[in-house]
$ cat my_file.cif   # mmCIF, C-alpha atoms
data_structure
loop_
_atom_site.label_atom_id
_atom_site.label_comp_id
_atom_site.auth_asym_id
_atom_site.auth_seq_id
_atom_site.Cartn_x
_atom_site.Cartn_y
_atom_site.Cartn_z
CA MET A 1298 10.38 -34.75 11.62
CA ILE A 1299 8.89 -32.71 8.77
CA ARG A 1300 5.65 -30.87 9.36
CA PHE A 1301 3.68 -29.35 6.53
CA THR A 1302 1.11 -26.58 6.68
CA ALA A 1303 -1.12 -25.99 3.67
CA ILE A 1304 -3.18 -22.85 3.16
CA ARG A 1305 -6.98 -23.03 2.95
CA LEU A 1306 -7.27 -25.12 -0.16
CA GLY A 1307 -10.17 -24.99 -2.58
CA ASN A 1308 -11.34 -21.43 -1.87
CA THR A 1309 -11.67 -19.57 -5.15
CA ARG A 1310 -10.86 -16.28 -3.44
CA ARG A 1311 -7.51 -17.77 -2.41
CA GLY A 1312 -7.06 -20.11 -5.34
CA TRP A 1313 -3.55 -19.05 -6.22
CA LEU A 1314 -2.42 -19.44 -2.61
CA GLY A 1315 -3.98 -22.90 -2.52
CA GLY A 1316 -2.07 -23.83 -5.66
CA VAL A 1317 1.20 -22.68 -4.15
CA ALA A 1318 0.45 -24.65 -0.98
CA VAL A 1319 -0.37 -27.82 -2.89
CA GLY A 1320 2.82 -27.49 -4.89
CA LEU A 1321 4.85 -26.97 -1.74
CA VAL A 1322 3.28 -29.99 -0.05
CA LEU A 1323 3.86 -32.23 -3.05
CA ALA A 1324 7.42 -31.03 -3.53
CA MET A 1325 8.33 -31.55 0.10
CA SER A 1326 6.57 -34.92 0.19
CA SER A 1327 8.99 -36.12 -2.47
CA MET A 1328 11.51 -36.43 0.33
CA LEU A 1329 9.36 -39.20 1.85
CA PRO A 1330 9.26 -42.86 0.71
CA ALA A 1331 6.83 -43.65 -2.11
CA HIS A 1332 4.19 -45.19 0.16
CA ALA A 1333 4.35 -42.17 2.45
CA GLN A 1334 3.99 -39.81 -0.52
CA ALA A 1335 0.86 -41.65 -1.64
CA ALA A 1336 -0.61 -41.51 1.85
CA THR A 1337 0.18 -37.81 2.13
CA VAL A 1338 -1.57 -36.99 -1.14
CA ARG A 1339 -4.53 -39.22 -0.27
CA ILE A 1340 -5.08 -37.61 3.12
CA GLU A 1341 -4.66 -34.15 1.61
CA THR A 1342 -7.31 -35.02 -0.98
CA VAL A 1343 -9.75 -36.25 1.67
CA ALA A 1344 -9.25 -33.02 3.60
CA ARG A 1345 -9.55 -30.72 0.61
CA THR A 1346 -12.58 -32.35 -0.99
CA GLY A 1347 -14.34 -32.71 2.37
CA CYS A 1348 -13.71 -29.08 3.29
CA ASN A 1349 -14.99 -27.93 -0.07
CA ALA A 1350 -18.10 -30.10 0.15
CA LEU A 1351 -19.03 -28.84 3.62
CA ALA A 1352 -18.41 -25.20 2.74
CA ALA A 1353 -20.36 -25.52 -0.51
CA ARG A 1354 -23.41 -26.83 1.35
CA VAL A 1355 -23.42 -23.77 3.59
CA ASP A 1356 -22.76 -21.38 0.71
CA ALA A 1357 -25.65 -22.88 -1.26
CA LEU A 1358 -27.96 -21.20 1.26
CA PRO A 1359 -27.67 -17.52 0.33
CA GLY A 1360 -26.90 -14.69 2.71
CA ASN A 1361 -25.34 -14.78 6.14
CA ALA A 1362 -28.28 -16.11 8.16
CA PRO A 1363 -27.87 -19.10 10.50
CA VAL A 1364 -28.20 -22.46 8.75
CA LEU A 1365 -28.45 -26.14 9.54
CA LEU A 1366 -27.28 -28.71 7.00
CA ARG A 1367 -29.31 -31.72 5.91
CA SER A 1368 -27.72 -34.85 7.35
CA TYR A 1369 -28.25 -37.21 4.39
CA ASP A 1370 -28.39 -37.10 0.62
CA ASN A 1371 -30.22 -39.43 -1.73
CA PRO A 1372 -28.50 -42.82 -2.18
CA ARG A 1373 -27.85 -41.80 -5.78
CA GLY A 1374 -25.43 -39.24 -4.38
CA GLN A 1375 -27.25 -35.92 -4.74
CA GLY A 1376 -30.48 -34.32 -3.59
CA ALA A 1377 -32.74 -35.12 -0.66
CA PRO A 1378 -33.23 -38.73 0.44
CA ASP A 1379 -36.42 -40.57 -0.46
CA LEU A 1380 -37.15 -41.57 3.15
CA LEU A 1381 -39.55 -38.87 4.34
CA PRO A 1382 -38.30 -38.50 7.95
CA LEU A 1383 -34.81 -37.80 6.57
CA ARG A 1384 -35.68 -35.51 3.65
CA SER A 1385 -35.05 -32.35 5.66
CA ALA A 1386 -33.60 -33.72 8.90
CA ALA A 1387 -30.61 -31.80 10.28
CA PHE A 1388 -29.29 -33.83 13.19
CA THR A 1389 -27.72 -31.73 15.91
CA TYR A 1390 -24.69 -34.01 16.33
CA ASP A 1391 -23.96 -33.96 12.59
CA ASN A 1392 -24.08 -30.18 12.43
CA ALA A 1393 -21.88 -29.84 15.51
CA LEU A 1394 -19.29 -32.01 13.76
CA ALA A 1395 -19.59 -29.81 10.67
CA VAL A 1396 -18.72 -26.74 12.76
CA ILE A 1397 -15.61 -28.41 14.15
CA ALA A 1398 -14.56 -29.66 10.72
CA LEU A 1399 -15.09 -26.29 9.03
CA LEU A 1400 -13.02 -24.55 11.68
CA ALA A 1401 -10.25 -27.07 11.05
CA CYS A 1402 -10.59 -26.22 7.34
CA HIS A 1403 -10.23 -22.50 8.16
CA ARG A 1404 -13.75 -21.89 6.81
CA ARG A 1405 -14.75 -19.78 9.77
CA SER A 1406 -17.63 -17.89 8.16
CA GLN A 1407 -19.37 -21.13 7.20
CA ALA A 1408 -18.71 -22.62 10.63
CA GLU A 1409 -20.22 -19.57 12.29
CA ARG A 1410 -23.43 -19.82 10.27
CA ILE A 1411 -24.05 -23.35 11.51
CA GLY A 1412 -22.86 -22.40 14.98
CA ALA A 1413 -25.30 -19.51 15.05
CA ALA A 1414 -28.18 -21.92 14.39
CA LEU A 1415 -26.99 -24.25 17.15
CA ARG A 1416 -26.68 -21.28 19.48
CA LEU A 1417 -30.25 -20.19 18.75
CA ALA A 1418 -31.47 -23.72 19.47
CA ALA A 1419 -29.43 -23.88 22.68
CA MET A 1420 -30.59 -20.53 24.02
CA ASN A 1421 -34.18 -20.30 22.78
CA ASP A 1422 -35.61 -23.80 22.63
CA THR A 1423 -36.91 -25.33 25.87
CA ARG A 1424 -34.25 -28.02 25.37
CA LEU A 1425 -31.83 -28.80 22.58
CA ARG A 1426 -33.47 -31.38 20.28
CA ASP A 1427 -31.64 -34.22 18.59
CA ALA A 1428 -32.72 -32.90 15.18
CA TYR A 1429 -34.24 -29.84 13.52
CA ARG A 1430 -35.34 -28.86 10.04
CA ALA A 1431 -32.50 -28.21 7.62
CA GLY A 1432 -32.09 -24.86 5.90
CA ILE A 1433 -31.96 -21.19 6.79
CA VAL A 1434 -33.11 -20.34 10.31
CA ALA A 1435 -35.36 -17.32 9.91
CA GLY A 1436 -36.81 -17.06 13.42
CA ASP A 1437 -35.44 -17.11 16.95
CA LYS A 1438 -34.80 -20.85 16.84
CA PRO A 1439 -34.67 -23.67 14.26
CA LEU A 1440 -37.93 -25.28 13.26
CA PRO A 1441 -38.78 -28.88 14.15
CA ASN A 1442 -38.30 -31.34 11.33
CA GLY A 1443 -41.23 -32.53 9.27
CA TRP A 1444 -42.40 -33.36 5.78
CA ARG A 1445 -45.35 -32.96 3.45
CA ASP A 1446 -47.36 -36.13 3.10
CA PRO A 1447 -47.49 -36.98 -0.63
CA ASP A 1448 -50.99 -38.46 -0.42
CA SER A 1449 -52.87 -35.91 1.67
CA GLY A 1450 -50.66 -32.88 1.05
CA ARG A 1451 -50.67 -32.18 4.79
CA TRP A 1452 -47.59 -31.17 6.75
CA ILE A 1453 -46.45 -33.91 9.12
CA GLU A 1454 -44.32 -33.11 12.17
CA ALA A 1455 -41.58 -35.69 12.59
CA ALA A 1456 -42.11 -35.89 16.34
CA ARG A 1457 -45.73 -37.03 15.80
CA GLN A 1458 -44.70 -40.07 13.75
CA TYR A 1459 -42.98 -43.20 14.98
CA ALA A 1460 -40.30 -42.93 12.29
CA GLY A 1461 -39.31 -39.44 13.41
CA ALA A 1462 -40.05 -39.52 17.14
CA TYR A 1463 -36.37 -39.87 18.08
CA GLN A 1464 -35.68 -36.48 16.55
CA ASP A 1465 -37.62 -34.74 19.33
CA GLY A 1466 -35.44 -36.20 22.10
CA SER A 1467 -32.53 -34.52 23.86
CA SER A 1468 -29.63 -36.96 24.17
CA CYS A 1469 -26.88 -35.82 26.53
CA GLY A 1470 -24.19 -36.86 24.06
CA ASN A 1471 -25.69 -34.68 21.34
CA VAL A 1472 -25.99 -31.79 23.79
CA ALA A 1473 -22.31 -32.23 24.65
CA TRP A 1474 -21.27 -32.23 20.98
CA ALA A 1475 -23.21 -29.02 20.34
CA ALA A 1476 -21.43 -27.46 23.33
CA LEU A 1477 -18.05 -28.65 22.03
CA ALA A 1478 -18.79 -27.00 18.68
CA LEU A 1479 -19.73 -23.76 20.42
CA LEU A 1480 -16.56 -23.92 22.53
CA ALA A 1481 -14.50 -24.45 19.39
CA LEU A 1482 -16.07 -21.27 17.99
CA HIS A 1483 -15.28 -19.44 21.22
CA HIS A 1484 -11.68 -20.57 20.91
CA ALA A 1485 -11.52 -19.39 17.29
CA THR A 1486 -13.24 -16.03 17.82
CA ALA A 1487 -12.83 -15.14 21.53
CA GLU A 1488 -16.52 -14.14 21.49
CA ASP A 1489 -18.28 -14.88 24.75
CA ARG A 1490 -21.66 -15.58 23.11
CA TRP A 1491 -20.40 -18.99 22.03
CA ARG A 1492 -19.05 -19.83 25.49
CA ASP A 1493 -22.22 -18.66 27.19
CA ALA A 1494 -24.37 -20.88 24.98
CA ALA A 1495 -22.13 -23.84 25.81
CA VAL A 1496 -22.51 -23.02 29.52
CA HIS A 1497 -26.28 -22.95 29.08
CA LEU A 1498 -26.19 -26.45 27.61
CA ALA A 1499 -23.84 -27.73 30.31
CA ARG A 1500 -26.13 -26.41 33.04
CA TRP A 1501 -29.09 -28.17 31.39
CA VAL A 1502 -27.19 -31.46 31.53
CA VAL A 1503 -26.34 -30.97 35.20
CA GLY A 1504 -29.91 -30.02 36.04
CA HIS A 1505 -31.65 -32.76 34.05
CA ALA A 1506 -29.29 -35.72 33.76
CA ALA A 1507 -26.95 -35.89 36.81
CA ASP A 1508 -27.35 -39.30 38.42
CA THR A 1509 -26.29 -40.95 41.68
CA ARG A 1510 -27.15 -44.57 40.94
CA GLY A 1511 -24.24 -46.99 40.78
CA ALA A 1512 -21.10 -45.24 39.54
CA GLY A 1513 -22.95 -41.93 39.12
CA GLY A 1514 -22.36 -40.03 35.94
CA PHE A 1515 -25.16 -38.69 33.75
CA ASP A 1516 -28.14 -40.49 32.27
CA GLY A 1517 -29.23 -40.42 28.64
CA GLY A 1518 -31.21 -37.18 28.81
CA ILE A 1519 -34.75 -36.97 27.45
CA GLU A 1520 -36.48 -39.49 25.21
CA SER A 1521 -39.52 -38.29 23.32
CA TYR A 1522 -42.04 -40.76 21.98
CA LEU A 1523 -44.79 -39.12 19.92
CA LEU A 1524 -44.44 -35.83 21.81
CA VAL A 1525 -44.45 -37.52 25.23
CA PRO A 1526 -41.03 -36.75 26.72
CA ARG A 1527 -39.63 -38.89 29.51
CA LYS A 1528 -36.36 -39.21 31.37
CA ALA A 1529 -33.89 -41.58 29.74
CA ALA A 1530 -32.89 -43.61 32.79
CA TRP A 1531 -30.19 -45.64 31.01
CA LYS A 1532 -26.63 -44.36 30.85
CA SER A 1533 -24.26 -44.24 27.90
CA THR A 1534 -20.49 -44.55 28.28
CA GLU A 1535 -20.08 -42.60 25.05
CA HIS A 1536 -22.28 -39.76 26.37
CA ASN A 1537 -20.26 -39.53 29.55
CA ILE A 1538 -16.99 -39.46 27.60
CA ASP A 1539 -18.39 -36.50 25.64
CA LEU A 1540 -19.44 -34.83 28.87
CA VAL A 1541 -15.99 -35.26 30.42
CA ALA A 1542 -14.56 -33.42 27.40
CA MET A 1543 -17.20 -30.68 27.59
CA PHE A 1544 -16.85 -30.05 31.33
CA GLU A 1545 -13.04 -30.14 31.19
CA TRP A 1546 -13.04 -27.57 28.38
CA LEU A 1547 -15.30 -25.30 30.43
CA GLN A 1548 -12.99 -25.74 33.43
CA ARG A 1549 -9.93 -25.04 31.28
CA ILE A 1550 -11.27 -21.64 30.20
CA ALA A 1551 -12.68 -20.83 33.67
CA ALA A 1552 -16.20 -20.51 32.27
CA PRO A 1553 -18.70 -19.08 34.74
CA GLY A 1554 -21.83 -20.87 35.84
CA GLY A 1555 -20.74 -24.04 37.58
CA ASP A 1556 -18.10 -26.18 39.22
CA TRP A 1557 -17.04 -27.77 35.96
CA GLN A 1558 -14.14 -29.69 37.46
CA ALA A 1559 -16.53 -31.45 39.83
CA GLN A 1560 -18.92 -32.26 36.97
CA ALA A 1561 -16.05 -33.61 34.87
CA ARG A 1562 -15.03 -35.88 37.75
CA HIS A 1563 -18.64 -37.04 38.11
CA ALA A 1564 -18.79 -38.08 34.45
CA ARG A 1565 -15.29 -39.54 34.53
CA ARG A 1566 -16.10 -41.82 37.48
CA PHE A 1567 -18.80 -43.43 35.39
CA VAL A 1568 -16.49 -43.85 32.40
CA ASP A 1569 -13.82 -45.41 34.61
CA ALA A 1570 -16.38 -47.83 36.01
CA GLN A 1571 -17.33 -49.02 32.52
CA TRP A 1572 -13.76 -50.10 31.74
CA ASP A 1573 -13.52 -53.87 31.94
CA ALA A 1574 -9.87 -54.63 32.62
CA ALA A 1575 -10.35 -58.37 32.10
CA SER A 1576 -11.37 -57.98 28.45
CA GLY A 1577 -9.66 -54.65 27.76
CA HIS A 1578 -12.65 -52.68 26.52
CA PHE A 1579 -15.55 -50.48 27.67
CA TRP A 1580 -19.11 -51.60 28.25
CA MET A 1581 -21.53 -49.54 26.15
CA GLY A 1582 -23.37 -48.23 29.22
CA THR A 1583 -26.10 -49.46 31.56
CA THR A 1584 -29.66 -50.64 31.42
CA ALA A 1585 -32.47 -48.46 32.73
CA ASP A 1586 -31.55 -49.28 36.33
CA GLY A 1587 -28.43 -47.14 35.87
CA VAL A 1588 -26.20 -49.87 37.28
CA THR A 1589 -26.30 -53.09 35.25
CA PRO A 1590 -23.75 -52.89 32.41
CA LEU A 1591 -24.76 -53.47 28.81
CA ARG A 1592 -22.32 -56.15 27.75
CA SER A 1593 -23.40 -56.25 24.12
CA PRO A 1594 -23.15 -55.12 21.44
CA SER A 1595 -19.56 -53.94 21.16
CA ALA A 1596 -19.97 -50.31 20.10
CA LEU A 1597 -17.01 -48.96 18.15
CA ASP A 1598 -17.24 -45.27 19.06
CA VAL A 1599 -17.10 -45.92 22.81
CA GLN A 1600 -13.73 -47.63 22.47
CA LEU A 1601 -12.35 -44.92 20.19
CA TRP A 1602 -13.55 -41.68 21.74
CA ALA A 1603 -12.16 -42.57 25.15
CA GLN A 1604 -8.67 -42.48 23.62
CA LEU A 1605 -9.14 -38.82 22.64
CA LEU A 1606 -9.51 -37.57 26.20
CA PRO A 1607 -6.26 -35.76 27.04
CA ASN A 1608 -5.66 -37.74 30.23
CA ALA A 1609 -6.72 -41.14 28.90
CA PRO A 1610 -4.83 -43.88 30.79
CA LYS A 1611 -2.47 -45.95 28.65
CA PRO A 1612 -4.22 -49.23 29.58
CA TRP A 1613 -7.24 -47.95 27.65
CA ARG A 1614 -5.20 -48.42 24.47
CA ARG A 1615 -6.04 -52.10 24.83
CA ALA A 1616 -9.48 -51.18 23.49
CA LEU A 1617 -7.85 -50.72 20.08
CA HIS A 1618 -6.84 -54.37 20.10
CA TRP A 1619 -10.42 -55.19 21.11
CA ILE A 1620 -11.97 -53.42 18.11
CA GLU A 1621 -9.41 -54.98 15.80
CA ARG A 1622 -10.75 -58.36 16.92
CA MET A 1623 -14.44 -57.54 17.31
CA ASN A 1624 -15.33 -54.70 14.92
CA SER A 1625 -12.89 -54.98 12.04
CA VAL A 1626 -14.10 -55.57 8.48
CA LYS A 1627 -12.37 -55.35 5.14
CA GLY A 1628 -10.98 -51.83 4.79
CA GLY A 1629 -11.99 -50.54 8.22
CA PHE A 1630 -14.49 -51.02 11.01
CA ASP A 1631 -18.15 -51.76 11.60
CA PHE A 1632 -20.28 -49.97 14.19
CA THR A 1633 -20.98 -53.20 16.09
CA ASP A 1634 -19.53 -56.67 16.37
CA ASP A 1635 -22.10 -57.88 13.83
CA ARG A 1636 -19.39 -57.01 11.31
CA ASP A 1637 -21.90 -56.75 8.46
CA GLY A 1638 -20.14 -53.91 6.64
CA LEU A 1639 -17.82 -50.92 6.81
CA TRP A 1640 -19.00 -47.83 8.73
CA THR A 1641 -17.31 -44.84 7.14
CA GLU A 1642 -17.80 -42.47 10.07
CA GLY A 1643 -16.36 -44.94 12.56
CA THR A 1644 -13.50 -45.82 10.24
CA ALA A 1645 -12.61 -42.10 10.13
CA GLN A 1646 -12.82 -41.96 13.92
CA ALA A 1647 -10.42 -44.90 14.09
CA ALA A 1648 -8.05 -43.17 11.67
CA LEU A 1649 -7.95 -40.12 13.94
CA VAL A 1650 -7.35 -42.25 17.04
CA TYR A 1651 -4.53 -44.15 15.34
CA ARG A 1652 -2.93 -40.84 14.41
CA TRP A 1653 -3.49 -39.48 17.91
CA THR A 1654 -1.85 -42.54 19.44
CA GLY A 1655 1.09 -42.46 17.03
CA ASN A 1656 0.20 -45.20 14.53
CA GLU A 1657 0.17 -43.30 11.24
CA ALA A 1658 0.69 -46.46 9.20
CA ARG A 1659 -2.57 -47.97 10.49
CA ALA A 1660 -4.37 -44.68 9.87
CA ASP A 1661 -3.04 -44.50 6.31
CA ALA A 1662 -4.56 -47.88 5.49
CA LEU A 1663 -7.97 -46.66 6.68
CA PHE A 1664 -7.80 -43.51 4.56
CA VAL A 1665 -7.69 -45.73 1.48
CA SER A 1666 -11.22 -46.95 2.27
CA ILE A 1667 -12.41 -43.53 3.42
CA ALA A 1668 -11.36 -41.88 0.16
CA GLN A 1669 -13.32 -44.48 -1.81
CA GLN A 1670 -16.65 -43.48 -0.21
CA ALA A 1671 -17.01 -40.13 -2.01
CA SER A 1672 -20.42 -39.56 -3.59
CA PRO A 1673 -21.22 -37.41 -6.67
CA GLY A 1674 -22.52 -34.69 -4.34
CA GLY A 1675 -19.29 -34.49 -2.32
CA PHE A 1676 -20.41 -36.13 0.92
CA LEU A 1677 -19.09 -39.55 1.86
CA TYR A 1678 -21.39 -42.56 1.90
CA ALA A 1679 -22.24 -43.74 5.41
CA THR A 1680 -21.39 -47.27 4.25
CA PRO A 1681 -20.58 -48.93 0.92
CA ALA A 1682 -22.98 -51.73 1.89
CA PRO A 1683 -26.73 -51.46 1.24
CA ARG A 1684 -27.32 -51.49 5.01
CA ILE A 1685 -25.34 -52.18 8.18
CA THR A 1686 -26.43 -52.61 11.77
CA ALA A 1687 -25.99 -49.82 14.29
CA VAL A 1688 -27.24 -49.82 17.87
CA TYR A 1689 -31.04 -50.14 17.61
CA SER A 1690 -30.99 -48.80 14.04
CA TYR A 1691 -29.20 -49.02 10.69
CA TYR A 1692 -26.84 -47.07 8.47
CA ARG A 1693 -27.57 -47.19 4.77
CA HIS A 1694 -25.72 -46.44 1.55
CA GLN A 1695 -26.47 -42.71 1.69
CA PRO A 1696 -24.11 -39.72 1.60
CA CYS A 1697 -23.77 -38.58 5.18
CA LEU A 1698 -22.82 -35.25 6.77
CA ALA A 1699 -21.34 -36.87 9.89
CA ALA A 1700 -19.17 -39.26 7.89
CA THR A 1701 -17.85 -36.38 5.80
CA ALA A 1702 -17.12 -34.20 8.83
CA TRP A 1703 -15.34 -37.00 10.66
CA ALA A 1704 -13.21 -37.72 7.58
CA VAL A 1705 -12.13 -34.08 7.50
CA ILE A 1706 -11.45 -34.03 11.23
CA ALA A 1707 -9.32 -37.17 10.91
CA ALA A 1708 -7.48 -35.95 7.81
CA LEU A 1709 -6.62 -32.69 9.55
CA ASP A 1710 -5.62 -34.54 12.73
CA ARG A 1711 -8.00 -32.43 14.83
CA ASN A 1712 -9.06 -33.76 18.22
CA PRO A 1713 -12.62 -32.42 18.67
CA TYR A 1714 -12.35 -32.73 22.44
CA LEU A 1715 -9.61 -30.10 22.62
CA PRO A 1716 -8.95 -26.56 21.39
CA ALA A 1717 -7.15 -26.47 18.06
CA ASN A 1718 -3.78 -25.49 19.54
CA MET A 1719 -3.62 -28.33 22.06
CA HIS A 1720 -1.75 -31.45 21.04
CA ARG A 1721 -1.71 -35.02 22.25
CA ALA A 1722 -0.28 -35.47 25.72
CA ASN A 1723 1.85 -38.57 25.15
CA THR A 1724 2.75 -38.36 21.44
CA PRO A 1725 4.43 -35.38 19.75
CA PRO A 1726 2.29 -33.69 17.08
CA HIS A 1727 2.40 -35.74 13.84
CA ALA A 1728 5.03 -38.13 15.17
CA SER A 1729 4.88 -41.60 13.72
CA PRO A 1730 6.87 -44.78 13.79
CA ALA A 1731 6.19 -45.16 10.07
CA HIS A 1732 6.57 -41.65 8.71
CA ALA A 1733 5.84 -38.09 9.69
CA GLY A 1734 4.57 -34.92 8.19
CA HIS A 1735 1.06 -35.32 6.82
CA PRO A 1736 -0.16 -31.96 5.59
CA THR A 1737 -2.87 -30.14 7.43
CA LEU A 1738 -5.04 -27.19 6.52
CA GLN A 1739 -4.32 -25.52 9.83
#

$ encode --input "my_file.cif" --output "structure tokens"
Amino acid sequence: MIRFTAIRLGNTRRGWLGGVAVGLVLAMSSMLPAHAQAATVRIETVARTGCNALAARVDALPGNAPVLLRSYDNPRGQGAPDLLPLRSAAFTYDNALAVIALLACHRRSQAERIGAALRLAAMNDTRLRDAYRAGIVAGDKPLPNGWRDPDSGRWIEAARQYAGAYQDGSSCGNVAWAALALLALHHATAEDRWRDAAVHLARWVVGHAADTRGAGGFDGGIESYLLVPRKAAWKSTEHNIDLVAMFEWLQRIAAPGGDWQAQARHARRFVDAQWDAASGHFWMGTTADGVTPLRSPSALDVQLWAQLLPNAPKPWRRALHWIERMNSVKGGFDFTDDRDGLWTEGTAQAALVYRWTGNEARADALFVSIAQQASPGGFLYATPAPRITAVYSYYRHQPCLAATAWAVIAALDRNPYLPANMHRANTPPHASPAHAGHPTLQ
């Protein structure tokens, strides 16, 4: 097995080192078959261009102050989107992914600026919101998202409008992803401020979302409809998978503040209960009674993210066969079994899972489609289709922060549920039945 390590590509301060690394990767890849060489270069290009695009967005905001990145660009590929609720929306989940991706890129200073904004939101807001206003954070916490009404000239708070009301909620899955980003920063820096903020978020989840109905687990968190928050009584399998990862990480580092092993078991019991052995896939979650499973639609991310847990049972791999039947489209995967178009973010998630489970050949095929989604502004389009169906919403042909971050994470073979130095439990790092040795930026 050949393993390559490239050095922080695309940074002008290290440009000559990046050139040497690229040359070394390409020279060594000549020892691989032609199809493997092409895949190696393609994945390296996805990683390099994605890393550069993410870092450039942070660097475009001058100074060293905390920042949050806008989640979407205009469909034309650059600038703010036309849809007013999205013009300055910085979704918490998207920015957490950007932190993890930038750390994988070895762009620590940029990762820390976003992480600092997430930390301020975690520690100083009454609860971590699903979205904030993009840009430099000048105060003690990020501002709520909003926009200026073009007709009246008045400032409109997103949370006061139906189109933006979701942004004021606090979904447990998004809280978990923010904590995972903070824990990744703690791992990279050994600074307790990141760990302590993650603990603060974890304690909020335990205090506000722990549930005893049915298989237990944690409910959805807080929904906010026009500034009227209420408990989200439904449960999400995906959220609980995220929470298992968060609590296990806290347990692994012996973080103070709770019995994290017990909380991980509580979330894991719910995940286990959502596995349907007869069909070989996970139910998406439950209805508001906390017990009745949601049997449709077939959500892609639930099937994929479960595979990234370090102790995922091998029978869960059957879910990959399920998505290949139910969610596959030309070039990749759709979010749901509507199969109305390719979802770039989910296709990148699938590429990572295939790599993590040892199927590099299947991952390589997905990177072909992923690489084709690049926009003029550097971010990847959420979908090449005009619009595809998500769960209760849509993804449109807009450059997307989350899609770009997931593509980087997949290209660098980085499991976001684990510290950077931990490898897959059942498959050697970068092993593959097809070929081995994709370059990484680590």

$ resolve_selection --input "my_file.cif" --expression "the PyMOL selection byres ((chain A and resi 1710) around 8)" --output "PyMOL selection string"
chain A and resi 1649+1652-1653+1706-1709+1711-1712+1737

$ resolve_selection --input "my_file.cif" --expression "the PyMOL selection byres ((chain A and resi 1491) around 12)" --output "PyMOL selection string"
chain A and resi 1409+1411-1417+1419-1420+1475-1490+1492-1498+1547+1552

$ resolve_selection --input "my_file.cif" --expression "the PyMOL selection byres ((chain A and resi 1704) around 8)" --output "list in words"
Val1343, Ala1344, Gly1347, Glu1642, Ala1645, Gln1646, Ile1667, Ala1700, Thr1701, Ala1702, Trp1703, Val1705, Ile1706, Ala1707 and Ala1708 of chain A

$ residues_around --input "my_file.cif" --residues "segment 1590-1596 of chain A" --least-positions-apart "6" --cutoff "12 Å" --atoms "all atoms listed in the file" --output "PyMOL selection string"
chain A and resi 1511-1512+1531-1535+1567-1568+1570-1573+1576-1584+1602+1616+1619-1625+1630-1636+1640+1643+1686-1689

$ closest_residue --input "my_file.cif" --among "A:Asp1448, A:Asp1391, A:Asp1379, A:Glu1454" --to "Leu1365 of chain A" --atoms "only C-alpha atoms"
A:Asp1391

$ atom_distance --input "my_file.cif" --atom1 "atom CA of Ala1387 of chain A" --atom2 "atom CA of Gln1464 of chain A"
9.3 Å

$ closest_residue --input "my_file.cif" --among "A:Arg1430, A:Trp1474, A:Arg1424, A:Arg1562" --to "Pro1526 of chain A" --atoms "all atoms listed in the file"
A:Arg1424

$ axis_aligned_box --input "my_file.cif" --around "segment 1465-1471 of chain A" --padding-each-side "8 Å" --output "JSON"
{"center_x": -30.9, "center_y": -35.7, "center_z": 22.9, "size_x": 29.4, "size_y": 18.4, "size_z": 23.2}

$ closest_atom_pairs --input "my_file.cif" --of "segment 1423-1490 of chain A" --to "segment 1516-1521 of chain A" --cutoff "10 Å" --atoms "all atoms listed in the file" --output "CSV"
residue,atom,partner,partner_atom,distance
A:Arg1424,CA,A:Ile1519,CA,9.2
A:Leu1425,CA,A:Ile1519,CA,9.9
A:Arg1426,CA,A:Ile1519,CA,9.2
A:Asp1427,CA,A:Glu1520,CA,9.7
A:Ala1456,CA,A:Ser1521,CA,7.8
A:Arg1457,CA,A:Ser1521,CA,9.8
A:Gly1461,CA,A:Ser1521,CA,10.0
A:Ala1462,CA,A:Ser1521,CA,6.3
A:Tyr1463,CA,A:Ser1521,CA,6.3
A:Gln1464,CA,A:Ser1521,CA,8.0
A:Asp1465,CA,A:Ser1521,CA,5.7
A:Gly1466,CA,A:Glu1520,CA,4.6
A:Ser1467,CA,A:Ile1519,CA,4.9
A:Ser1468,CA,A:Gly1518,CA,4.9
A:Cys1469,CA,A:Gly1518,CA,5.1
A:Gly1470,CA,A:Gly1517,CA,7.7
A:Asn1471,CA,A:Gly1518,CA,9.6
A:Val1472,CA,A:Gly1518,CA,9.0

$ residues_around --input "my_file.cif" --residues "Gln1375 of chain A" --least-positions-apart "4" --cutoff "12 Å" --atoms "all atoms listed in the file" --output "PyMOL selection string"
chain A and resi 1350+1354+1367+1369-1371+1379+1384+1671-1678+1695-1697

$ closest_residue --input "my_file.cif" --among "A:Ile1453, A:Ala1574, A:Ala1529, A:Ala1561" --to "Leu1381 of chain A" --atoms "only C-alpha atoms"
A:Ile1453

$ closest_residue --input "my_file.cif" --among "A:His1694, A:Thr1654, A:Ala1668, A:Ala1585" --to "Lys1611 of chain A" --atoms "all atoms listed in the file"
A:Thr1654

$ residues_near_point --input "my_file.cif" --point "(-12.5, -48.9, 3.9)" --cutoff "6 Å" --atoms "only C-alpha atoms" --output "PyMOL selection string"
chain A and resi 1628-1629+1663+1666-1667

$ atom_distance --input "my_file.cif" --atom1 "atom CA of Phe1388 of chain A" --atom2 "atom CA of Thr1342 of chain A"
26.2 Å

$ atom_distance --input "my_file.cif" --atom1 "atom CA of Leu1366 of chain A" --atom2 "atom CA of Ala1431 of chain A"
5.3 Å

$ closest_residue --input "my_file.cif" --among "A:Ala1428, A:Leu1440, A:Ala1575, A:Ala1333" --to "Thr1389 of chain A" --atoms "only C-alpha atoms"
A:Ala1428

$ closest_residue --input "my_file.cif" --among "A:Ala1408, A:Gln1334, A:Tyr1522, A:Val1502" --to "Ala1455 of chain A" --atoms "all atoms listed in the file"
A:Tyr1522
